[in-house]
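Shown here: query.cif, mmCIF, C-alpha atoms.
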data_coords
#
loop_
_atom_site.label_atom_id
_atom_site.label_comp_id
_atom_site.auth_asym_id
_atom_site.auth_seq_id
_atom_site.Cartn_x
_atom_site.Cartn_y
_atom_site.Cartn_z
CA MET A 17 -1.40 12.62 3.56
CA ALA A 18 -4.10 10.15 2.66
CA ILE A 19 -3.58 6.48 2.08
CA ASN A 20 -4.35 5.70 -1.55
CA LYS A 21 -7.83 4.14 -1.57
CA THR A 22 -8.21 3.75 -5.31
CA THR A 23 -8.23 -0.04 -5.33
CA ILE A 24 -9.22 -0.95 -1.78
CA LEU A 25 -12.60 0.21 -0.52
CA ASP A 26 -13.19 -2.42 2.19
CA TYR A 27 -10.89 -2.56 5.19
CA SER A 28 -12.54 -5.51 6.91
CA GLN A 29 -10.22 -8.37 7.84
CA PRO A 30 -9.69 -10.79 4.93
CA LEU A 31 -9.62 -13.90 7.15
CA GLY A 32 -11.52 -13.58 10.40
CA GLU A 33 -12.16 -10.46 12.43
CA PHE A 34 -9.84 -9.03 15.02
CA THR A 35 -11.93 -9.35 18.17
CA SER A 36 -9.95 -8.05 21.13
CA ARG A 37 -6.44 -7.51 22.46
CA LYS A 38 -4.87 -10.24 24.57
CA VAL A 39 -2.83 -8.60 27.34
CA ASN A 40 -1.42 -10.25 30.46
CA ILE A 41 -0.28 -7.47 32.80
CA ASP A 42 1.78 -5.51 30.21
CA GLU A 43 2.61 -8.32 27.77
CA GLU A 44 0.45 -8.46 24.65
CA THR A 45 0.07 -11.66 22.63
CA ILE A 46 -0.41 -10.73 18.99
CA ASP A 47 -3.42 -12.20 17.23
CA TYR A 48 -1.89 -12.60 13.78
CA LEU A 49 -4.00 -13.25 10.73
CA PRO A 50 -4.84 -16.99 10.70
CA GLY A 51 -2.16 -18.92 8.85
CA HIS A 52 0.18 -15.92 8.64
CA LYS A 53 2.68 -14.02 10.76
CA TYR A 54 1.28 -10.55 10.34
CA ARG A 55 -1.85 -8.53 10.88
CA VAL A 56 -2.97 -5.13 9.58
CA TRP A 57 -6.05 -3.20 10.54
CA LEU A 58 -7.57 0.23 10.25
CA ASN A 59 -8.03 1.58 13.77
CA ASN A 60 -10.45 4.50 14.12
CA LEU A 61 -11.30 4.13 17.80
CA PRO A 62 -10.63 6.85 20.39
CA ASP A 63 -9.22 4.21 22.75
CA SER A 64 -5.76 4.77 24.21
CA TYR A 65 -3.53 1.93 25.38
CA SER A 66 -1.46 2.00 28.55
CA SER A 67 2.16 0.86 28.56
CA HIS A 68 2.52 -2.57 26.96
CA LYS A 69 4.98 -4.56 24.87
CA HIS A 70 4.97 -7.44 22.41
CA SER A 71 7.39 -9.47 20.35
CA ALA A 72 6.17 -8.04 17.03
CA LEU A 73 7.62 -5.24 14.96
CA GLU A 74 4.92 -2.55 14.89
CA ILE A 75 4.46 0.00 12.12
CA ILE A 76 1.87 2.75 12.48
CA LEU A 77 0.74 5.00 9.63
CA CYS A 78 -1.33 7.96 10.83
CA SER A 79 -3.95 8.57 8.13
CA VAL A 80 -6.46 10.96 9.75
CA ASN A 81 -5.91 13.58 12.45
CA SER A 82 -3.11 12.70 14.90
CA TYR A 83 -1.72 9.97 17.15
CA SER A 84 0.79 9.93 20.01
CA VAL A 85 3.27 7.19 20.84
CA THR A 86 5.36 7.26 24.02
CA VAL A 87 8.49 5.13 24.36
CA ARG A 88 10.93 5.45 27.28
CA GLU A 89 9.40 8.76 28.39
CA GLN A 90 9.75 10.26 24.91
CA THR A 91 6.52 11.11 23.13
CA TYR A 92 6.32 11.03 19.34
CA LYS A 93 3.43 13.19 18.14
CA MET A 94 2.27 11.90 14.77
CA LYS A 95 0.41 13.89 12.13
CA GLU A 96 -1.34 12.71 8.97
CA GLY A 97 1.10 10.83 6.76
CA ASP A 98 3.64 10.19 9.53
CA ILE A 99 5.00 6.65 9.94
CA ILE A 100 6.58 5.23 13.08
CA PHE A 101 8.50 1.97 13.48
CA LEU A 102 8.35 0.54 17.01
CA PRO A 103 10.94 -2.06 18.11
CA PRO A 104 9.78 -5.42 19.47
CA ASN A 105 9.74 -6.03 23.23
CA VAL A 106 9.88 -2.34 24.09
CA PRO A 107 7.09 -0.92 26.33
CA HIS A 108 5.11 1.81 24.64
CA THR A 109 1.94 3.81 25.24
CA LEU A 110 -0.55 4.80 22.53
CA THR A 111 -2.78 7.86 22.84
CA ALA A 112 -5.57 8.51 20.34
CA PRO A 113 -7.60 11.67 19.73
CA GLU A 114 -11.39 11.62 19.98
CA LYS A 115 -11.61 11.24 16.20
CA GLY A 116 -8.95 9.90 13.89
CA GLU A 117 -7.69 6.93 11.90
CA ARG A 118 -4.44 5.04 11.70
CA PHE A 119 -3.26 1.81 10.12
CA ILE A 120 -1.59 -0.63 12.52
CA LEU A 121 0.82 -3.18 11.00
CA LEU A 122 2.32 -5.98 13.10
CA PHE A 123 4.92 -8.47 11.89
CA ASP A 124 6.48 -11.45 13.62
CA TYR A 125 10.02 -10.18 14.16
CA SER A 126 11.52 -13.67 14.01
CA ILE A 127 11.18 -13.49 10.20
CA PHE A 128 14.48 -11.56 10.23
CA ASN A 129 16.37 -14.39 11.95
CA GLN A 130 17.06 -15.98 8.57
CA PHE A 131 19.16 -13.05 7.35
CA SER A 132 22.91 -12.67 7.81
CA GLU A 133 22.28 -8.96 8.45
CA LYS A 134 20.22 -9.73 11.57
CA ASP A 135 22.65 -7.81 13.81
CA GLU A 136 22.30 -4.68 11.68
CA ILE A 137 18.50 -5.00 11.73
CA ASP A 138 18.52 -5.45 15.52
CA PHE A 139 20.72 -2.39 15.90
CA TYR A 140 18.40 -0.27 13.78
CA PHE A 141 15.32 -1.37 15.72
CA SER A 142 16.90 -0.79 19.12
CA VAL A 143 15.07 2.56 19.09
CA PRO A 144 11.85 3.89 17.52
CA HIS A 145 12.04 5.68 14.17
CA LEU A 146 9.54 8.35 13.13
CA LEU A 147 9.40 9.41 9.47
CA THR A 148 7.47 12.53 8.52
CA ILE A 149 6.75 14.24 5.24
CA ASN A 150 8.44 17.42 6.49
CA SER A 151 11.53 15.77 7.94
CA GLY A 152 13.54 16.32 4.77
CA SER A 153 14.33 12.62 4.58
CA HIS A 154 14.98 11.52 1.02
CA ILE A 155 13.66 8.04 1.74
CA TYR A 156 10.25 9.10 3.06
CA PRO A 157 8.38 8.80 -0.29
CA PHE A 158 9.79 5.31 -0.82
CA VAL A 159 8.88 4.11 2.68
CA TYR A 160 5.43 5.64 2.47
CA SER A 161 4.79 3.96 -0.88
CA SER A 162 5.93 0.57 0.41
CA VAL A 163 3.77 0.76 3.54
CA ASN A 164 0.86 1.83 1.35
CA ARG A 165 1.38 -1.20 -0.90
CA ILE A 166 1.55 -3.54 2.12
CA ILE A 167 -1.84 -2.24 3.27
CA GLN A 168 -3.37 -2.53 -0.19
CA ASN A 169 -2.10 -6.10 -0.69
CA TYR A 170 -3.24 -7.17 2.77
CA PHE A 171 -6.85 -6.11 2.31
CA ALA A 172 -6.98 -7.20 -1.32
CA ASN A 173 -6.08 -10.74 -0.16
CA GLU A 174 -5.44 -11.86 -3.71
CA LYS A 175 -3.11 -14.53 -5.04
CA MET A 176 0.52 -13.84 -4.08
CA SER A 177 -0.54 -11.16 -1.57
CA GLU A 178 1.75 -12.60 1.10
CA MET A 179 4.70 -12.58 -1.27
CA HIS A 180 4.03 -8.96 -2.19
CA ILE A 181 3.65 -7.97 1.47
CA TYR A 182 6.98 -9.45 2.51
CA SER A 183 8.79 -8.11 -0.54
CA GLU A 184 7.65 -4.60 0.39
CA LEU A 185 8.53 -5.14 4.05
CA PHE A 186 12.06 -6.34 3.24
CA ARG A 187 12.51 -3.52 0.73
CA THR A 188 11.52 -1.00 3.40
CA ILE A 189 13.72 -2.45 6.14
CA SER A 190 16.76 -2.69 3.86
CA LEU A 191 16.28 0.92 2.78
CA LEU A 192 15.95 2.10 6.39
CA CYS A 193 19.02 0.19 7.53
CA ASP A 194 21.06 1.38 4.54
CA SER A 195 20.13 4.98 5.22
CA GLU A 196 21.15 4.58 8.87
CA GLU A 197 24.51 3.06 8.00
CA LYS A 198 25.46 5.19 5.00
CA GLY A 199 23.35 8.27 5.54
CA SER A 200 20.31 8.98 3.39
CA ASP A 201 22.31 11.32 1.14
CA GLU A 202 24.66 8.52 0.11
CA VAL A 203 21.82 6.04 -0.46
CA VAL A 204 20.26 8.38 -3.01
CA SER A 205 23.24 10.59 -3.77
CA THR A 206 22.80 10.47 -7.54
CA HIS A 207 19.23 11.76 -7.30
CA SER A 208 19.24 13.84 -4.11
CA GLU A 209 18.16 17.05 -5.83
CA MET A 210 15.25 15.26 -7.44
CA TYR A 211 14.12 13.77 -4.13
CA ASP A 212 14.28 17.20 -2.51
CA LYS A 213 11.98 18.48 -5.22
CA PHE A 214 9.48 15.70 -4.62
CA ILE A 215 9.47 16.28 -0.88
CA GLY A 216 8.59 19.88 -1.76
CA VAL A 217 5.89 18.71 -4.18
CA LEU A 218 4.19 16.58 -1.52
CA SER A 219 4.28 19.47 0.95
CA TYR A 220 2.93 21.80 -1.74
CA ILE A 221 -0.03 19.50 -2.39
CA GLU A 222 -0.72 19.15 1.33
CA THR A 223 -0.94 22.94 1.63
CA ASN A 224 -2.70 23.80 -1.64
CA TYR A 225 -4.98 20.81 -2.32
CA ALA A 226 -8.05 23.09 -2.37
CA GLU A 227 -6.61 25.24 -5.17
CA ASP A 228 -7.07 24.60 -8.89
CA LEU A 229 -4.03 22.31 -9.11
CA THR A 230 -3.18 20.70 -12.44
CA LEU A 231 -0.42 18.37 -13.50
CA GLU A 232 1.06 21.18 -15.58
CA SER A 233 1.02 23.79 -12.80
CA VAL A 234 2.62 21.52 -10.21
CA ALA A 235 5.17 20.23 -12.72
CA ASP A 236 6.17 23.87 -13.34
CA THR A 237 7.17 24.20 -9.67
CA THR A 238 9.78 21.46 -10.20
CA GLY A 239 11.12 22.61 -13.56
CA PHE A 240 10.18 19.28 -15.21
CA SER A 241 7.95 18.85 -18.22
CA LYS A 242 4.52 17.51 -17.32
CA PHE A 243 5.30 14.17 -18.99
CA HIS A 244 8.59 13.70 -17.13
CA PHE A 245 6.98 14.85 -13.89
CA ALA A 246 4.06 12.39 -14.30
CA ARG A 247 6.47 9.46 -14.75
CA LEU A 248 8.59 10.47 -11.76
CA PHE A 249 5.56 11.06 -9.55
CA LYS A 250 4.28 7.56 -10.32
CA GLN A 251 7.73 6.11 -9.64
CA TYR A 252 8.17 7.78 -6.25
CA THR A 253 4.63 7.53 -4.85
CA ASN A 254 3.24 4.44 -6.61
CA THR A 255 0.21 6.44 -7.69
CA THR A 256 -0.62 9.11 -10.24
CA PHE A 257 -0.61 12.82 -9.47
CA TYR A 258 -4.39 13.08 -9.83
CA ASP A 259 -5.06 9.99 -7.69
CA TYR A 260 -2.79 11.42 -5.00
CA LEU A 261 -4.50 14.82 -5.14
CA CYS A 262 -7.99 13.30 -5.13
CA SER A 263 -7.23 10.98 -2.21
CA LYS A 264 -6.08 14.00 -0.18
CA ARG A 265 -9.21 15.95 -1.08
CA ILE A 266 -11.51 13.04 -0.22
CA LEU A 267 -9.77 12.60 3.12
CA VAL A 268 -10.57 16.22 3.99
CA ALA A 269 -14.09 15.84 2.59
CA LYS A 270 -14.80 12.98 4.98
CA GLN A 271 -13.73 15.14 7.91
CA LEU A 272 -15.97 18.00 6.79
CA LEU A 273 -18.97 15.73 6.16
CA ARG A 274 -18.64 14.34 9.67
CA LYS A 275 -19.01 17.94 10.87
CA ASN A 276 -22.40 18.07 9.09
CA ILE A 277 -21.27 20.63 6.51
CA PRO A 278 -23.52 20.61 3.41
CA VAL A 279 -22.26 18.43 0.56
CA THR A 280 -22.13 21.30 -1.95
CA ASP A 281 -20.09 23.46 0.44
CA VAL A 282 -17.67 20.58 1.02
CA ALA A 283 -17.17 20.10 -2.72
CA PHE A 284 -16.11 23.70 -3.29
CA GLN A 285 -14.05 23.92 -0.10
CA ILE A 286 -11.77 21.07 -1.18
CA GLY A 287 -11.21 22.25 -4.74
CA PHE A 288 -13.94 20.75 -6.94
CA ASN A 289 -15.60 23.06 -9.45
CA ASN A 290 -18.90 21.20 -9.59
CA LEU A 291 -20.93 18.86 -7.43
CA THR A 292 -21.16 16.07 -10.01
CA SER A 293 -17.42 15.55 -10.31
CA PHE A 294 -17.06 15.64 -6.51
CA CYS A 295 -19.75 12.98 -6.00
CA ARG A 296 -18.23 10.77 -8.68
CA CYS A 297 -14.76 11.06 -7.19
CA PHE A 298 -15.99 10.54 -3.62
CA LYS A 299 -17.77 7.32 -4.54
CA LYS A 300 -14.70 6.05 -6.42
CA TYR A 301 -12.53 6.40 -3.32
CA THR A 302 -15.00 5.39 -0.61
CA GLY A 303 -17.65 3.23 -2.27
CA LEU A 304 -20.35 5.60 -1.00
CA SER A 305 -21.91 8.83 -2.19
CA PRO A 306 -21.22 11.89 0.03
CA THR A 307 -24.82 11.80 1.24
CA GLN A 308 -24.59 8.10 2.11
CA TYR A 309 -21.29 8.63 3.92
CA LYS A 310 -22.77 11.54 5.85
CA ALA A 311 -25.76 9.46 6.93
CA THR A 312 -23.56 6.51 7.91
CA SER A 313 -21.29 8.74 9.98
CA ALA A 314 -24.30 10.26 11.73
CA LYS A 315 -25.60 6.79 12.63
CA ASP A 316 -22.19 5.74 13.92
CA GLU A 317 -22.03 8.82 16.10
CA GLU A 318 -25.55 8.20 17.42
CA SER A 319 -24.60 4.61 18.24
CA ALA A 320 -21.46 5.76 20.04
CA ILE A 321 -23.50 8.27 22.09
CA ALA A 322 -26.06 5.58 22.94
CA ILE A 323 -23.36 3.15 24.04
CA GLU A 324 -21.69 5.81 26.16
CA ALA A 325 -25.02 6.70 27.79
CA PHE A 326 -25.70 3.00 28.45
CA ASN A 327 -22.29 2.55 30.05
CA LEU A 328 -22.72 5.64 32.20
CA LEU A 329 -26.15 4.50 33.33
CA HIS A 330 -24.94 1.05 34.34
CA SER A 331 -21.85 2.53 35.96
CA SER A 332 -24.02 4.74 38.16
CA GLU A 333 -26.27 1.79 39.00
CA ASN A 334 -23.26 -0.25 40.11
CA ASP A 335 -22.07 2.63 42.27
#
Would you mind writing the structure in this file as structure tokens?
Amino acid sequence: MAINKTTILDYSQPLGEFTSRKVNIDEETIDYLPGHKYRVWLNNLPDSYSSHKHSALEIILCSVNSYSVTVREQTYKMKEGDIIFLPPNVPHTLTAPEKGERFILLFDYSIFNQFSEKDEIDFYFSVPHLLTINSGSHIYPFVYSSVNRIIQNYFANEKMSEMHIYSELFRTISLLCDSEEKGSDEVVSTHSEMYDKFIGVLSYIETNYAEDLTLESVADTTGFSKFHFARLFKQYTNTTFYDYLCSKRILVAKQLLRKNIPVTDVAFQIGFNNLTSFCRCFKKYTGLSPTQYKATSAKDEESAIAIEAFNLLHSSEND
């Protein structure tokens, strides 16, 4: 599942760059965004992190490839679209693949001290929670949409962004805690059949994104009219059906372009009928043409190889 990149094309830090982690033995001090109590960033490095802990609530959304999180000897293997909530002050290890992307969200946990439900929140976050698109959880689309909106608001850095970020965070936490206490079926009991259908829709798109999918054809799989389906899809995912489909296709396109597959071949492999529409869509979601993205990725890879060679050379000299 791809993060919706319709409105946000630049994932650089809105107020000052994140430079490096600050770790003393196994205790990490979080470098929050200046003037705020949170930080979000897009991490696409192959670096893995040994066991460490911090006082922040950590949320990780895996957006490309995979990611592994180990807590108390249990490893959570994340796939694209998976979201994990990591409790504060609990040692955890992060393992990244050679290529991949994930959004890291960190919040000062003390923000919850003001709520009378603090004990319930503490109880919920006494263990990690992994939400996946295939878990059958009725609340997954809501949580995914809220995390998506937090990311979008953070990098937009517009007026009232902080208010929007916290409103989405509190909405997410309250939904998670409610589902734990009452059971997800009770939380959404009046619409459980509808949620099941939308879980199936998201899985269907993930599997068939390269086919000639239309709003009408996918709506038919749910039994809804296309107009009703379009309204519900927007309500549950905070994006339109076509934006969701295109963001998935562009995510795959980026992976294929990094493998040096010709642009025309990529366009047809991911479901576009002509090169022009693919190039237009790709630039809308990334800010670059496919050719520009391909060239940029090649330069990044060359730089990474050069840095690795430099490090190996100096390592051998020191030996």
Query - Distance of atom CA of Pro113 of chain A from atom CA of Tyr65 of chain A, expressed in Å to one decimal place - result: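 Taking atom CA of Tyr65 of chain A and atom CA of Pro113 of chain A, their separation equals 12.0 Å.
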Requested in this report: Select, from A:Val282, A:Leu191, A:Val87, A:Leu73, the residue with the minimum atom-to-atom distance to Lys53 of chain A, counting only C-alpha atoms.
Outcome: A:Leu73
Query - Separation of atom CA of Val143 of chain A from atom CA of Ile127 of chain A, in Å and rounded to one decimal - result: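 Straight-line distance from atom CA of Val143 of chain A to atom CA of Ile127 of chain A works out to 18.8 Å.
Taking atom CA of Ile100 of chain A as the reference point, atom CA of Val217 of chain A is found at 21.9 Å.
Nearest to Asn150 of chain A of all the residues A:Asn173, A:Thr109, A:Ser126, A:Ser219 is A:Ser219, counting all atoms listed in the file.
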Report task. Determine the residue set returned by the PyMOL selection byres ((chain A and resi 262-274) around 10) for the present structure, and present it as a VMD selection string. Result -> chain A and resid 17 to 22 79 to 81 115 to 116 221 to 222 225 to 226 256 to 261 275 to 279 281 to 283 285 to 288 294 297 to 302 306 to 307 309 to 314 317
Query raised in the report: Counting all atoms listed in the file, which of A:Glu133, A:Asn169, A:Ser241, A:Gly51 gets nearest to Asp194 of chain A?
Result: A:Glu133
Query raised in the report: Which one of A:Gln308, A:Ser190, A:Ser293, A:Thr253 sits closest to Glu136 of chain A if you count all atoms listed in the file?
Result: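 Smallest separation from Glu136 of chain A among the options: A:Ser190.
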Requested in this report: Would you write out, as JSON, numbers by chain, every residue that the PyMOL selection byres ((chain A and resi 232) around 10) captures in this file?
Outcome: {"A": [229, 230, 231, 233, 234, 235, 236, 237, 240, 241, 242, 243, 245, 246]}
Report task. Evaluate the PyMOL selection byres ((chain A and resi 86) around 9) and record the selected residues as a PyMOL selection string, following the chain and residue labels used in the document. Result -> chain A and resi 67+84-85+87-93+107-111
Query - Test item: residues at most 12 Å from Thr148 of chain A, only C-alpha atoms, excluding those fewer than 5 positions along its chain, as a PyMOL selection string - result: chain A and resi 17+76-78+92-101+153-157+159-160+215+218-219
Report task. For each of A:Leu248, A:Lys69, A:Asn224, A:Leu102, take the minimum atom-to-atom distance to Leu147 of chain A, counting all atoms listed in the file, then give the residue where this is smallest. Result ->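 Comparing A:Leu248, A:Lys69, A:Asn224, A:Leu102 against Leu147 of chain A, the winner is A:Leu102.
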Requested in this report: Would you kindly identify which residues have an atom no farther than 12 Å from (-1.7, -5.4, 5.1), using all atoms listed in the file and the file's own coordinates, and write them out as an MDAnalysis selection string?
Outcome: chainID A and resid 24 27:31 48:49 52:58 75:77 119:123 162:174 177:182 184:185
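Taking all atoms listed in the file, the non-local environment of Val39 of chain A within 12 Å (same-chain residues fewer than 4 positions away omitted) comprises A:Glu43, A:Glu44, A:Thr45, A:Ile46, A:Asp47, A:Tyr65, A:Ser66, A:Ser67, A:His68, A:Lys69, A:His70.
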Save out the residues we just selected, C-alpha atoms, as a short mmCIF file (atom, residue, chain, number, x, y, z; two decimals), keeping the file's coordinate frame.
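Everything below was put into part_18.cif:
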data_model
loop_
_atom_site.label_atom_id
_atom_site.label_comp_id
_atom_site.auth_asym_id
_atom_site.auth_seq_id
_atom_site.Cartn_x
_atom_site.Cartn_y
_atom_site.Cartn_z
CA GLU A 43 2.61 -8.32 27.77
CA GLU A 44 0.45 -8.46 24.65
CA THR A 45 0.07 -11.66 22.63
CA ILE A 46 -0.41 -10.73 18.99
CA ASP A 47 -3.42 -12.20 17.23
CA TYR A 65 -3.53 1.93 25.38
CA SER A 66 -1.46 2.00 28.55
CA SER A 67 2.16 0.86 28.56
CA HIS A 68 2.52 -2.57 26.96
CA LYS A 69 4.98 -4.56 24.87
CA HIS A 70 4.97 -7.44 22.41
#
Requested in this report: Could you check which of A:Asn59, A:Ser64, A:Ser71, A:Asn289 is closest to Pro103 of chain A, using only C-alpha atoms?
Outcome: A:Ser71
Report task. Using all atoms listed in the file, find all polymer residues with an atom at most 9 Å away from the point (19.0, -3.2, 12.3); report them as an MDAnalysis selection string. Result -> chainID A and resid 133:142 189:190 192:193 196
